Structure formats: structure tokens, C-alpha cells
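Q: Provided below: work30.csv, containing CSV, C-alpha atoms.
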```
chain,number,residue,atom,x,y,z
A,843,MET,CA,0.0,0.0,0.0
A,844,ARG,CA,1.8,3.1,-1.3
A,845,VAL,CA,1.4,6.6,0.1
A,846,GLY,CA,-1.0,8.5,-2.1
A,847,SER,CA,-2.7,5.4,-3.4
A,848,PRO,CA,-6.6,5.2,-3.4
A,849,ALA,CA,-6.5,2.5,-0.7
A,850,VAL,CA,-4.6,4.9,1.7
A,851,TYR,CA,-7.1,7.7,1.0
A,852,ALA,CA,-10.1,5.3,1.5
A,853,GLY,CA,-8.6,4.0,4.8
A,854,ALA,CA,-8.0,7.6,6.0
A,855,ALA,CA,-11.6,8.5,5.1
A,856,ALA,CA,-13.0,5.5,6.9
A,857,CYS,CA,-11.0,6.3,10.0
A,858,LEU,CA,-12.2,9.9,10.0
A,859,VAL,CA,-15.8,8.7,9.7
A,860,LEU,CA,-15.4,6.2,12.5
A,861,LEU,CA,-14.0,9.0,14.7
A,862,VAL,CA,-16.9,11.4,14.2
A,863,LEU,CA,-19.7,8.9,14.4
A,864,PRO,CA,-20.3,9.4,18.1
A,865,PHE,CA,-21.2,13.0,17.4
A,866,TYR,CA,-24.0,12.1,15.1
A,867,LEU,CA,-25.4,8.6,15.9
A,868,ASP,CA,-27.8,7.7,18.6
A,869,ARG,CA,-27.2,5.2,21.4
A,870,PHE,CA,-28.6,2.2,19.5
A,871,TRP,CA,-26.2,2.5,16.6
A,872,LEU,CA,-23.2,3.2,18.8
A,873,GLN,CA,-24.0,0.2,21.0
A,874,ALA,CA,-24.5,-2.0,17.9
A,875,GLY,CA,-21.1,-0.8,16.6
A,876,LEU,CA,-19.5,-1.7,19.9
A,877,PHE,CA,-21.0,-5.2,19.8
A,878,ALA,CA,-19.6,-5.5,16.3
A,879,MET,CA,-16.1,-4.4,17.5
A,880,ALA,CA,-16.2,-7.0,20.3
A,881,ALA,CA,-17.3,-9.7,17.9
A,882,ALA,CA,-14.5,-8.7,15.4
A,883,ILE,CA,-11.9,-9.0,18.2
A,884,GLY,CA,-13.2,-12.4,19.2
A,885,ALA,CA,-13.4,-13.5,15.5
A,886,ILE,CA,-9.8,-12.6,14.9
A,887,GLY,CA,-8.8,-14.8,17.8
A,888,ILE,CA,-10.7,-17.9,16.6
A,889,ASN,CA,-9.5,-17.2,13.0
A,890,LEU,CA,-5.9,-17.5,14.2
A,891,LEU,CA,-6.7,-20.9,15.6
A,892,THR,CA,-9.1,-22.3,13.1
A,893,GLY,CA,-8.4,-20.4,9.9
A,894,ALA,CA,-4.6,-20.1,10.1
A,895,THR,CA,-3.7,-23.2,12.1
A,896,GLY,CA,-6.5,-25.5,11.2
A,897,GLN,CA,-7.6,-26.3,14.7
A,898,LEU,CA,-11.4,-26.5,15.3
A,899,SER,CA,-12.6,-25.0,18.5
A,900,MET,CA,-16.2,-25.1,19.8
A,901,GLY,CA,-15.4,-23.5,23.2
A,902,HIS,CA,-14.7,-19.9,22.2
A,903,ALA,CA,-17.7,-18.7,24.2
A,904,PHE,CA,-16.2,-20.2,27.3
A,905,PHE,CA,-13.1,-17.9,27.1
A,906,LEU,CA,-15.4,-14.8,26.4
A,907,ALA,CA,-17.2,-15.7,29.7
A,908,VAL,CA,-13.8,-16.0,31.5
A,909,GLY,CA,-12.9,-12.5,30.3
A,910,ALA,CA,-16.2,-10.9,31.1
A,911,TYR,CA,-16.7,-12.5,34.6
A,912,GLY,CA,-13.0,-12.2,35.4
A,913,TYR,CA,-13.2,-8.4,34.9
A,914,CYS,CA,-16.3,-8.3,37.1
A,915,ALA,CA,-14.5,-10.3,39.8
A,916,PHE,CA,-11.3,-8.3,39.7
A,917,ALA,CA,-13.0,-4.8,39.5
A,918,GLY,CA,-16.0,-5.5,41.8
A,919,ASP,CA,-15.8,-4.1,45.3
A,920,GLY,CA,-18.2,-6.5,47.0
A,921,THR,CA,-20.9,-4.0,47.8
A,922,ASP,CA,-23.4,-6.1,45.7
A,923,GLY,CA,-22.8,-9.1,47.9
A,924,LEU,CA,-20.7,-10.9,45.3
A,925,ALA,CA,-17.0,-11.6,45.3
A,926,GLY,CA,-14.7,-8.8,44.2
A,927,LEU,CA,-11.1,-7.6,44.7
A,928,GLY,CA,-11.9,-3.9,44.1
A,929,LEU,CA,-8.9,-3.4,41.7
A,930,PRO,CA,-8.7,-0.4,39.3
A,931,GLY,CA,-10.6,-1.0,36.1
A,932,TRP,CA,-7.7,-1.0,33.8
A,933,LEU,CA,-5.8,-3.5,35.9
A,934,ALA,CA,-8.9,-5.7,36.2
A,935,ALA,CA,-9.2,-5.7,32.4
A,936,VAL,CA,-5.6,-6.7,31.9
A,937,LEU,CA,-5.9,-9.4,34.5
A,938,ALA,CA,-9.1,-10.7,32.9
A,939,VAL,CA,-7.4,-11.1,29.6
A,940,ALA,CA,-4.4,-12.7,31.3
A,941,LEU,CA,-6.8,-15.1,33.1
A,942,SER,CA,-8.4,-16.1,29.8
A,943,GLY,CA,-4.9,-16.8,28.4
A,944,LEU,CA,-4.0,-18.8,31.6
A,945,THR,CA,-7.2,-20.8,31.2
A,946,GLY,CA,-6.3,-21.5,27.6
A,947,GLY,CA,-2.8,-22.5,28.7
A,948,VAL,CA,-4.3,-25.1,31.1
A,949,PHE,CA,-6.1,-26.6,28.1
A,950,SER,CA,-3.2,-26.1,25.6
A,951,PRO,CA,-1.6,-29.5,26.2
A,952,ILE,CA,-4.8,-31.1,24.9
A,953,ALA,CA,-5.1,-28.6,22.1
A,954,GLY,CA,-1.5,-29.3,21.1
A,955,ARG,CA,-2.1,-33.0,20.7
A,956,LEU,CA,-5.7,-33.2,19.3
A,957,ARG,CA,-6.9,-31.9,15.9
A,958,GLY,CA,-10.0,-31.7,13.8
A,959,ALA,CA,-13.2,-33.0,15.2
A,960,TYR,CA,-11.4,-34.5,18.2
A,961,LEU,CA,-10.4,-31.1,19.4
A,962,GLY,CA,-13.8,-29.7,18.6
A,963,ILE,CA,-15.4,-32.3,20.8
A,964,ALA,CA,-12.9,-31.7,23.6
A,965,THR,CA,-13.5,-27.9,23.6
A,966,LEU,CA,-17.2,-28.6,23.5
A,967,ALA,CA,-16.8,-29.8,27.1
A,968,LEU,CA,-15.6,-26.3,28.1
A,969,ILE,CA,-19.1,-24.9,27.2
A,970,PHE,CA,-20.9,-27.4,29.5
A,971,ILE,CA,-18.3,-26.9,32.3
A,972,GLY,CA,-18.6,-23.1,32.0
A,973,GLN,CA,-22.4,-23.0,31.9
A,974,HIS,CA,-22.5,-25.2,35.1
A,975,VAL,CA,-20.1,-22.9,36.9
A,976,LEU,CA,-21.8,-19.7,35.8
A,977,PHE,CA,-25.2,-20.9,36.9
A,978,ASN,CA,-24.2,-22.4,40.2
A,979,ALA,CA,-21.3,-20.3,41.6
A,980,HIS,CA,-23.6,-17.6,42.9
A,981,ASP,CA,-21.1,-15.9,45.1
A,982,LEU,CA,-18.9,-15.3,42.1
A,983,THR,CA,-21.2,-15.0,39.1
A,984,GLY,CA,-24.5,-14.0,40.5
A,985,GLY,CA,-26.2,-17.2,39.2
A,986,TYR,CA,-28.9,-17.0,36.6
A,987,ASN,CA,-29.4,-13.2,37.0
A,988,GLY,CA,-25.7,-12.5,36.4
A,989,ARG,CA,-23.9,-9.6,38.0
A,990,ALA,CA,-23.5,-5.9,37.3
A,991,VAL,CA,-20.3,-4.8,35.5
A,992,PRO,CA,-18.2,-2.1,37.3
A,993,PRO,CA,-17.4,0.9,34.9
A,994,LEU,CA,-13.8,1.1,33.6
A,995,SER,CA,-11.7,4.0,34.7
A,996,LEU,CA,-8.6,5.0,32.7
A,997,PHE,CA,-6.4,8.1,32.9
A,998,GLY,CA,-9.0,9.8,35.1
A,999,LEU,CA,-11.8,9.1,32.6
A,1000,THR,CA,-14.7,6.9,33.8
A,1001,PHE,CA,-16.6,5.0,31.1
A,1002,ASP,CA,-20.0,5.4,32.6
A,1003,ASP,CA,-23.2,7.4,31.8
A,1004,THR,CA,-21.9,10.5,33.6
A,1005,GLU,CA,-22.2,13.1,30.9
A,1006,LEU,CA,-19.0,14.6,29.4
A,1007,LEU,CA,-19.4,17.5,27.1
A,1008,VAL,CA,-17.3,17.3,24.0
A,1009,ALA,CA,-17.9,20.1,21.4
A,1010,GLN,CA,-21.2,20.7,23.1
A,1011,VAL,CA,-22.2,17.1,22.5
A,1012,PRO,CA,-23.0,15.0,25.7
A,1013,PHE,CA,-20.9,11.9,25.8
A,1014,GLY,CA,-22.2,9.0,27.9
A,1015,ALA,CA,-20.9,5.4,28.3
A,1016,VAL,CA,-21.3,4.2,24.7
A,1017,GLU,CA,-19.7,7.4,23.3
A,1018,LYS,CA,-16.7,7.0,25.5
A,1019,LEU,CA,-16.5,3.2,25.0
A,1020,TRP,CA,-16.6,3.8,21.2
A,1021,TYR,CA,-13.1,5.2,21.1
A,1022,LEU,CA,-11.8,2.5,23.5
A,1023,GLY,CA,-13.3,-0.2,21.2
A,1024,LEU,CA,-11.7,1.3,18.1
A,1025,ILE,CA,-8.3,1.3,19.9
A,1026,LEU,CA,-8.7,-2.3,21.0
A,1027,LEU,CA,-9.8,-3.4,17.6
A,1028,LEU,CA,-7.0,-1.6,15.8
A,1029,GLY,CA,-4.5,-3.1,18.2
A,1030,GLY,CA,-5.9,-6.6,17.7
A,1031,VAL,CA,-5.9,-6.3,13.9
A,1032,LEU,CA,-2.3,-5.0,13.8
A,1033,PHE,CA,-1.0,-7.7,16.1
A,1034,ALA,CA,-2.7,-10.5,14.3
A,1035,ARG,CA,-1.5,-9.2,10.9
A,1036,GLY,CA,2.1,-9.1,12.3
A,1037,VAL,CA,1.8,-12.7,13.6
A,1038,LEU,CA,0.4,-14.0,10.3
A,1039,ARG,CA,3.0,-12.2,8.1
A,1040,GLY,CA,6.0,-13.2,10.2
A,1041,ARG,CA,7.6,-16.6,10.8
A,1042,PRO,CA,4.9,-17.7,13.3
A,1043,GLY,CA,2.3,-17.2,10.6
A,1044,ARG,CA,4.2,-19.2,8.0
A,1045,ALA,CA,4.6,-22.0,10.6
A,1046,MET,CA,0.9,-21.9,11.4
A,1047,ASN,CA,0.0,-22.2,7.7
A,1048,ALA,CA,2.4,-25.1,7.3
A,1049,ILE,CA,0.8,-26.9,10.2
A,1050,ARG,CA,-2.6,-26.3,8.8
A,1051,ASP,CA,-1.8,-27.5,5.2
A,1052,HIS,CA,0.8,-30.2,5.8
A,1053,ARG,CA,1.2,-31.2,9.5
A,1054,ILE,CA,3.6,-34.1,8.9
A,1055,ALA,CA,5.8,-32.0,6.5
A,1056,ALA,CA,5.8,-29.2,9.0
A,1057,GLY,CA,7.1,-31.5,11.7
A,1058,VAL,CA,9.8,-32.9,9.3
A,1059,MET,CA,11.0,-29.3,8.6
A,1060,GLY,CA,11.6,-28.8,12.4
A,1061,ILE,CA,8.4,-26.9,13.3
A,1062,PRO,CA,7.3,-27.9,16.9
A,1063,VAL,CA,3.7,-28.7,15.9
A,1064,ALA,CA,2.3,-29.4,19.4
A,1065,ARG,CA,4.0,-26.3,20.8
A,1066,TYR,CA,2.7,-24.0,18.1
A,1067,ARG,CA,-0.8,-25.4,18.4
A,1068,GLY,CA,-0.8,-24.8,22.2
A,1069,ALA,CA,0.6,-21.3,21.8
A,1070,VAL,CA,-2.0,-20.3,19.2
A,1071,PHE,CA,-4.7,-21.7,21.5
A,1072,VAL,CA,-3.5,-19.5,24.3
A,1073,LEU,CA,-3.4,-16.5,22.0
A,1074,SER,CA,-6.9,-17.2,20.7
A,1075,SER,CA,-8.1,-17.4,24.3
A,1076,MET,CA,-6.7,-14.0,25.1
A,1077,TYR,CA,-8.4,-12.5,22.1
A,1078,ALA,CA,-11.7,-14.0,23.3
A,1079,GLY,CA,-11.0,-12.7,26.9
A,1080,LEU,CA,-10.5,-9.2,25.5
A,1081,ALA,CA,-13.7,-9.4,23.5
A,1082,GLY,CA,-15.5,-10.6,26.7
A,1083,VAL,CA,-14.3,-7.6,28.7
A,1084,LEU,CA,-15.5,-5.2,26.0
A,1085,LEU,CA,-18.8,-7.0,25.8
A,1086,ALA,CA,-19.3,-6.8,29.5
A,1087,LEU,CA,-18.5,-3.0,29.5
A,1088,VAL,CA,-21.1,-2.5,26.8
A,1089,PHE,CA,-23.8,-4.7,28.2
A,1090,GLN,CA,-23.1,-3.4,31.8
A,1091,ARG,CA,-24.4,-6.7,33.0
A,1092,THR,CA,-23.1,-10.3,32.5
A,1093,VAL,CA,-25.7,-13.0,32.0
A,1094,PRO,CA,-24.6,-16.7,31.9
A,1095,GLU,CA,-27.2,-17.7,29.2
A,1096,TYR,CA,-25.4,-15.5,26.7
A,1097,PHE,CA,-22.2,-17.5,26.8
A,1098,GLY,CA,-23.6,-20.7,25.5
A,1099,MET,CA,-23.2,-23.0,22.5
A,1100,ALA,CA,-25.0,-20.6,20.2
A,1101,LEU,CA,-22.3,-18.0,20.7
A,1102,SER,CA,-19.5,-20.4,19.8
A,1103,LEU,CA,-21.4,-21.4,16.6
A,1104,GLU,CA,-21.8,-17.7,15.7
A,1105,TYR,CA,-18.1,-17.2,15.9
A,1106,LEU,CA,-17.5,-20.1,13.6
A,1107,ALA,CA,-20.0,-18.6,11.2
A,1108,MET,CA,-18.2,-15.3,11.4
A,1109,ILE,CA,-14.9,-16.7,10.2
A,1110,VAL,CA,-16.4,-18.9,7.5
A,1111,ILE,CA,-18.4,-16.0,6.1
A,1112,GLY,CA,-15.5,-13.5,6.4
A,1113,GLY,CA,-12.8,-15.8,5.2
A,1114,LEU,CA,-10.7,-18.4,7.0
A,1115,GLY,CA,-7.2,-17.3,7.8
A,1116,SER,CA,-7.8,-13.6,6.9
A,1117,VAL,CA,-7.8,-10.9,9.6
A,1118,ALA,CA,-9.9,-8.5,7.4
A,1119,GLY,CA,-12.3,-11.4,6.7
A,1120,ALA,CA,-12.6,-12.0,10.5
A,1121,VAL,CA,-13.5,-8.4,11.0
A,1122,ALA,CA,-16.0,-8.4,8.2
A,1123,GLY,CA,-17.6,-11.6,9.3
A,1124,GLY,CA,-17.8,-10.4,12.9
A,1125,VAL,CA,-19.5,-7.2,11.8
A,1126,PHE,CA,-22.0,-9.0,9.6
A,1127,VAL,CA,-23.1,-11.7,12.1
A,1128,SER,CA,-23.3,-9.3,15.1
A,1129,LEU,CA,-25.1,-6.5,13.3
A,1130,LEU,CA,-27.7,-8.6,11.4
A,1131,PRO,CA,-29.9,-9.5,14.3
A,1132,GLN,CA,-29.8,-6.0,15.8
A,1133,ILE,CA,-30.8,-4.4,12.5
A,1134,LEU,CA,-33.6,-6.9,12.0
A,1135,ASN,CA,-34.8,-6.2,15.5
A,1136,ARG,CA,-34.7,-2.5,14.9
A,1137,TYR,CA,-36.8,-2.7,11.7
A,1138,SER,CA,-38.9,-5.7,12.5
A,1139,ASP,CA,-42.1,-3.7,12.0
A,1140,ALA,CA,-41.2,-2.8,8.4
A,1141,LEU,CA,-39.9,-6.3,7.3
A,1142,PRO,CA,-42.1,-9.1,6.0
A,1143,LEU,CA,-42.3,-12.3,8.0
A,1144,VAL,CA,-40.3,-10.7,10.8
A,1145,SER,CA,-42.0,-9.6,14.0
A,1146,ALA,CA,-41.1,-8.6,17.6
A,1147,PRO,CA,-40.4,-11.5,19.9
A,1148,GLY,CA,-43.6,-13.0,21.4
A,1149,THR,CA,-45.9,-11.5,18.8
A,1150,GLY,CA,-46.0,-14.4,16.4
A,1151,GLY,CA,-44.1,-14.9,13.2
A,1152,ILE,CA,-40.3,-15.2,13.0
A,1153,ALA,CA,-38.4,-13.3,15.8
A,1154,PRO,CA,-35.5,-11.1,14.6
A,1155,GLY,CA,-32.9,-13.4,16.3
A,1156,GLU,CA,-34.3,-16.5,14.5
A,1157,ALA,CA,-34.4,-14.7,11.2
A,1158,ALA,CA,-30.8,-13.6,11.6
A,1159,ARG,CA,-29.7,-17.2,12.3
A,1160,TYR,CA,-31.5,-18.3,9.1
A,1161,LEU,CA,-29.9,-15.6,7.1
A,1162,TYR,CA,-26.3,-16.1,8.2
A,1163,GLY,CA,-26.8,-19.8,8.1
A,1164,ALA,CA,-27.8,-19.4,4.4
A,1165,ALA,CA,-24.8,-17.1,4.0
A,1166,VAL,CA,-22.5,-19.9,5.3
A,1167,VAL,CA,-23.9,-22.3,2.8
A,1168,ALA,CA,-23.6,-19.8,0.0
A,1169,VAL,CA,-20.0,-19.0,0.9
A,1170,VAL,CA,-19.0,-22.7,1.1
A,1171,LEU,CA,-20.6,-23.4,-2.3
A,1172,PHE,CA,-19.8,-20.3,-4.3
A,1173,LEU,CA,-17.2,-18.3,-2.5
A,1174,PRO,CA,-14.8,-20.6,-0.5
A,1175,GLY,CA,-12.5,-17.7,0.5
A,1176,GLY,CA,-15.4,-15.8,2.1
A,1177,LEU,CA,-15.8,-12.0,1.9
A,1178,ALA,CA,-12.1,-11.5,2.0
A,1179,ARG,CA,-11.7,-13.3,-1.3
A,1180,LEU,CA,-13.9,-10.7,-3.0
A,1181,ALA,CA,-11.2,-8.1,-2.4
A,1182,ALA,CA,-8.5,-10.5,-3.5
A,1183,ARG,CA,-10.2,-11.0,-6.8
A,1184,ARG,CA,-9.8,-7.4,-8.0
A,1185,PRO,CA,-7.3,-6.9,-10.9
A,1186,GLY,CA,-3.7,-6.2,-10.0
A,1187,ARG,CA,-2.9,-2.5,-9.7
A,1188,ALA,CA,-0.2,-1.0,-11.9
A,1189,GLY,CA,3.1,-0.8,-10.3
A,1190,SER,CA,2.0,-2.7,-7.2
A,1191,GLY,CA,3.4,-6.0,-8.2
A,1192,GLU,CA,0.0,-7.7,-7.8
A,1193,THR,CA,-1.4,-9.8,-10.6
A,1194,PRO,CA,-4.6,-11.6,-10.9
A,1195,GLU,CA,-4.5,-15.3,-9.9
A,1196,THR,CA,-4.5,-17.5,-13.0
A,1197,PRO,CA,-4.6,-21.3,-13.2
A,1198,THR,CA,-1.5,-23.0,-14.4
A,1199,HIS,CA,-1.9,-25.6,-17.1
A,1200,THR,CA,0.7,-28.4,-17.5
A,1201,PRO,CA,0.6,-30.5,-20.7
A,1202,ASN,CA,-0.3,-34.1,-20.2
A,1203,THR,CA,3.0,-35.6,-21.2
A,1204,PRO,CA,4.4,-38.9,-19.8
A,1205,ASN,CA,6.9,-38.8,-17.0
A,1206,THR,CA,6.2,-35.1,-16.4
A,1207,PRO,CA,5.2,-34.5,-12.8
A,1208,THR,CA,2.7,-31.8,-12.1
A,1209,THR,CA,3.8,-29.4,-9.3
A,1210,THR,CA,2.0,-26.7,-7.6
A,1211,GLU,CA,3.9,-23.9,-5.9
A,1212,PRO,CA,2.4,-23.1,-2.5
A,1213,SER,CA,1.3,-19.5,-2.4
A,1214,GLY,CA,1.4,-19.1,1.4
A,1215,GLU,CA,-2.0,-17.4,1.2
A,1216,ALA,CA,-4.4,-18.2,4.0
A,1217,ARG,CA,-7.4,-19.9,2.4
```
For the structure just supplied, provide its representation as C-alpha cells.
A:
Amino acid sequence: MRVGSPAVYAGAAACLVLLVLPFYLDRFWLQAGLFAMAAAIGAIGINLLTGATGQLSMGHAFFLAVGAYGYCAFAGDGTDGLAGLGLPGWLAAVLAVALSGLTGGVFSPIAGRLRGAYLGIATLALIFIGQHVLFNAHDLTGGYNGRAVPPLSLFGLTFDDTELLVAQVPFGAVEKLWYLGLILLLGGVLFARGVLRGRPGRAMNAIRDHRIAAGVMGIPVARYRGAVFVLSSMYAGLAGVLLALVFQRTVPEYFGMALSLEYLAMIVIGGLGSVAGAVAGGVFVSLLPQILNRYSDALPLVSAPGTGGIAPGEAARYLYGAAVVAVVLFLPGGLARLAARRPGRAGSGETPETPTHTPNTPNTPTTTEPSGEAR
């Protein structure tokens, strides 16, 4: 990406729009955007594990719950009758992400030795364990009703509904959290891109494509699998902290099997192994039910929950389920492949991908040069 290229100008314009949105949008759209940011962060984490390394995980929601409830436990002061250490909000958030990584590290020996459906079934157990703990550890989680989320304080700024006037515009919790979410998402994107473009990324792709060959080349397969599982867990923990701050209340029922399936749908729709695809898939899957709920009165066959017809949440699941099928059948690379199919730009060194034809002559082996592109 060259300075002065259209992509640079488009990126700068997009950043400017995102920065000024809190001055013009109402609370609903800002909250929906924050949910999309949290989903994108979590989707990046599972894409590193499933898309780049080829490890199937069904327990991503468990690590989101660890991050969300870990933040509440570290930041809570115990005045609500629940366990809390009363730590500063920023420290509680860091410790919650570290706790998610530590929990993933406990499971990493299993993740390093299992693959495919076997790892998926093993991580599925985390969902059942997590749900049992969340519903029954009342002193820590609040049980079925959940627990309130303490507001985050950072550099003297408290991310709560106390109004802060900025250019004569009152900023509440969602307006303040909007910029925090942008910073966290940008940091998550840049770090993941750095990992995938460096030596670890090449090793992860080698493990995904040719596990035995990767081991022969000297790549410690089990160690890489375990390390990526820990990194994916930390991304999920960070997403869980942001979700908790936006929701302002943690509810055990939210962190169930359906959430893990949604994250798998995000990376399939967006594109396996692509950071940009994970962000696009996270935004699509998280925004769809909220938009349907917002405009349920104007949409055919969709109605408010409890009034008959198809509820917005169910309609959203049907739609992104159909999107998964469409992507698998017609666009295997997901939404990220649409951008990759554009013609090469002059002077950029990029050329369209063309199939290589090898004549059918005897004793002439057909070889395919690996591209290193995450598919």
C-alpha cells in the first residue's frame, strides 16, 4: 500500500468517519457498533486458531465468559454481595485477559495433541463446564441473574453514563467506549497481521496445510498449536471484557453453544485465515440480528419477539446460516476473497491469480507452488 494510493485515502476517510460517528449517531447504533467491534476481536482470535492453524474449537464462548466475569470479579468491590477484589478497572481488564490466556494455557496440552473433530469435541466440554459454573457459583457469578459490571476508569476518565461535554455534545458510556473499542480493535488487527505475516504465521499455515511435513521441517507442531490456542483465548477474553462493559451486566445464558457457533459462522463468512475477513464476518453476524430487531415492523415475516411470526434473532440465524452455505458453495474464500479477486494495480506487483496448465506428457510431474495465502 503506497502513500497517495486510493487505498490509503479510502482508509483515512474510513478512520475519519469512525472518529466522528459518536457526534451524530444515537445510542442504538453506537451500541450496535461496539458489539460489532467486540465480535470482530473475538473472531480474529478464533480465526488465528481455526483459519490459520486448522484447529477446530467449539469452546470460544467459554473464554469470552472468563474475560467478562474475570473483569467483574477483579473490579468488583463486593458491595453487591458478590466476590470482588476492588482493583482499578484498567488493571482488572488486563488481569481478565491474562486469566483467559491462563485458562487456555491449562487446556493447551490437549489442544497441542488433538486436531480436527477431536479437538472440537474436547473444547465442547468447556461450554458445559462453563455453563455449570456460571449458573451455580452464585457468590462469584450471581447465578442466573448475572452480575453488574463495574465501569472502567482509565487516565481519570470513567466510562459510565456520567455526561461529558465534547464540542457541546454530551458523551455517555457508549460514546466513551466507542473510542476505546476502536483502539482495542485496531491493536488486535495489527498484532494479528504481524503474527500472520511473520515466521509464526508461516509455521501456522504449514501446520494447517501439511502437518507431517511441518514436523519434518523442524516446526514444533504441538507447541505452536498450544501457543495459538492461548493467543486465541486471550483475544476471546479481551472481547469478553469489551462486551461486559457495553452490556453493563453479564448473563450466563449469553455465553452458550449458540455464541460459539456464531463465531465459527463469522470466520467462515468472512474468510478463513484472513484478519480482514474475520472483522467483516464479525460485523456482519453481530449487526444482522440487531438491524432486524430495529426494523422488524417494516420487514415481511419478521415480528417482535412474542408477537408471532419469526423473531429477529431467529431470522438472523436463518440468514447467516444461508450465508455460510452460499460461501461454502460459491465463495470458498469468504468475503475477504472478493477483495483479493480485484485486478492487479499498476506498479504494485500484484497480478490476478490464473490457473497453471501443464501439458499431459508422460513422466512429467505436475507441481503446484504453494502461495502461502491463507485460504
Q: Can you measure atom CA of Ala1048 of chain A to atom CA of Val1127 of chain A for me? One decimal in Å is fine.
A: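 Separation of atom CA of Ala1048 of chain A and atom CA of Val1127 of chain A: 29.2 Å.
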Q: Rank A:Gly984, A:Pro992, A:Gly958, A:Gly1040 by their smallest atom-to-atom distance to Leu924 of chain A, using only C-alpha atoms, and report the top residue only.
A: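 Of A:Gly984, A:Pro992, A:Gly958, A:Gly1040, the one nearest Leu924 of chain A, counting only C-alpha atoms, is A:Gly984.
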Q: In Å, how far is it from atom CA of Leu890 of chain A to atom CA of Ala1034 of chain A?
A: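 Distance reported for this atom pair: 7.7 Å.
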Q: Which residue is closest to Glu1095 of chain A? Choose from A:Gly853, A:His974, A:Leu941, A:Phe865 and count all atoms listed in the file.
A: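 Once distances to Glu1095 of chain A are computed over all atoms listed in the file, the minimum belongs to A:His974.
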Q: Atom CA of Phe1071 of chain A and atom CA of Tyr1021 of chain A, how far apart in Å?
A: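 Interatomic distance here is 28.2 Å.
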Q: From the options A:Phe1097, A:Phe997, A:Tyr866, A:Phe1013, which residue's atoms come nearest to Val908 of chain A, counting only C-alpha atoms?
A: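 Smallest separation from Val908 of chain A among the options: A:Phe1097.
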Q: Rebuild segment 1092-1104 of chain A so that it carries N, CA and C atoms, then output the result as a short mmCIF file (atom, residue, chain, number, x, y, z; two decimals), keeping the file's coordinate frame.
A:
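Output file part.cif follows:
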```
data_model
loop_
_atom_site.label_atom_id
_atom_site.label_comp_id
_atom_site.auth_asym_id
_atom_site.auth_seq_id
_atom_site.Cartn_x
_atom_site.Cartn_y
_atom_site.Cartn_z
N THR A 1092 -23.44 -8.99 33.07
CA THR A 1092 -23.10 -10.30 32.50
C THR A 1092 -24.23 -11.28 32.81
N VAL A 1093 -24.62 -12.05 31.81
CA VAL A 1093 -25.70 -13.00 32.00
C VAL A 1093 -25.15 -14.38 31.47
N PRO A 1094 -25.22 -15.44 32.30
CA PRO A 1094 -24.60 -16.70 31.90
C PRO A 1094 -25.21 -17.31 30.62
N GLU A 1095 -26.49 -17.10 30.40
CA GLU A 1095 -27.20 -17.70 29.20
C GLU A 1095 -26.55 -17.23 27.92
N TYR A 1096 -25.98 -16.03 27.92
CA TYR A 1096 -25.40 -15.50 26.70
C TYR A 1096 -24.21 -16.28 26.21
N PHE A 1097 -23.42 -16.80 27.13
CA PHE A 1097 -22.20 -17.50 26.80
C PHE A 1097 -22.36 -18.95 26.61
N GLY A 1098 -23.24 -19.33 25.71
CA GLY A 1098 -23.60 -20.70 25.50
C GLY A 1098 -23.08 -21.23 24.14
N MET A 1099 -23.64 -22.38 23.74
CA MET A 1099 -23.20 -23.00 22.50
C MET A 1099 -23.52 -22.13 21.29
N ALA A 1100 -24.67 -21.44 21.31
CA ALA A 1100 -25.00 -20.60 20.20
C ALA A 1100 -23.97 -19.56 19.86
N LEU A 1101 -23.36 -18.99 20.90
CA LEU A 1101 -22.30 -18.00 20.70
C LEU A 1101 -21.11 -18.55 20.01
N SER A 1102 -20.69 -19.75 20.42
CA SER A 1102 -19.50 -20.40 19.80
C SER A 1102 -19.83 -20.68 18.30
N LEU A 1103 -21.04 -21.12 17.99
CA LEU A 1103 -21.40 -21.40 16.60
C LEU A 1103 -21.42 -20.08 15.79
N GLU A 1104 -21.85 -18.99 16.42
CA GLU A 1104 -21.80 -17.70 15.70
C GLU A 1104 -20.42 -17.30 15.35
#
```
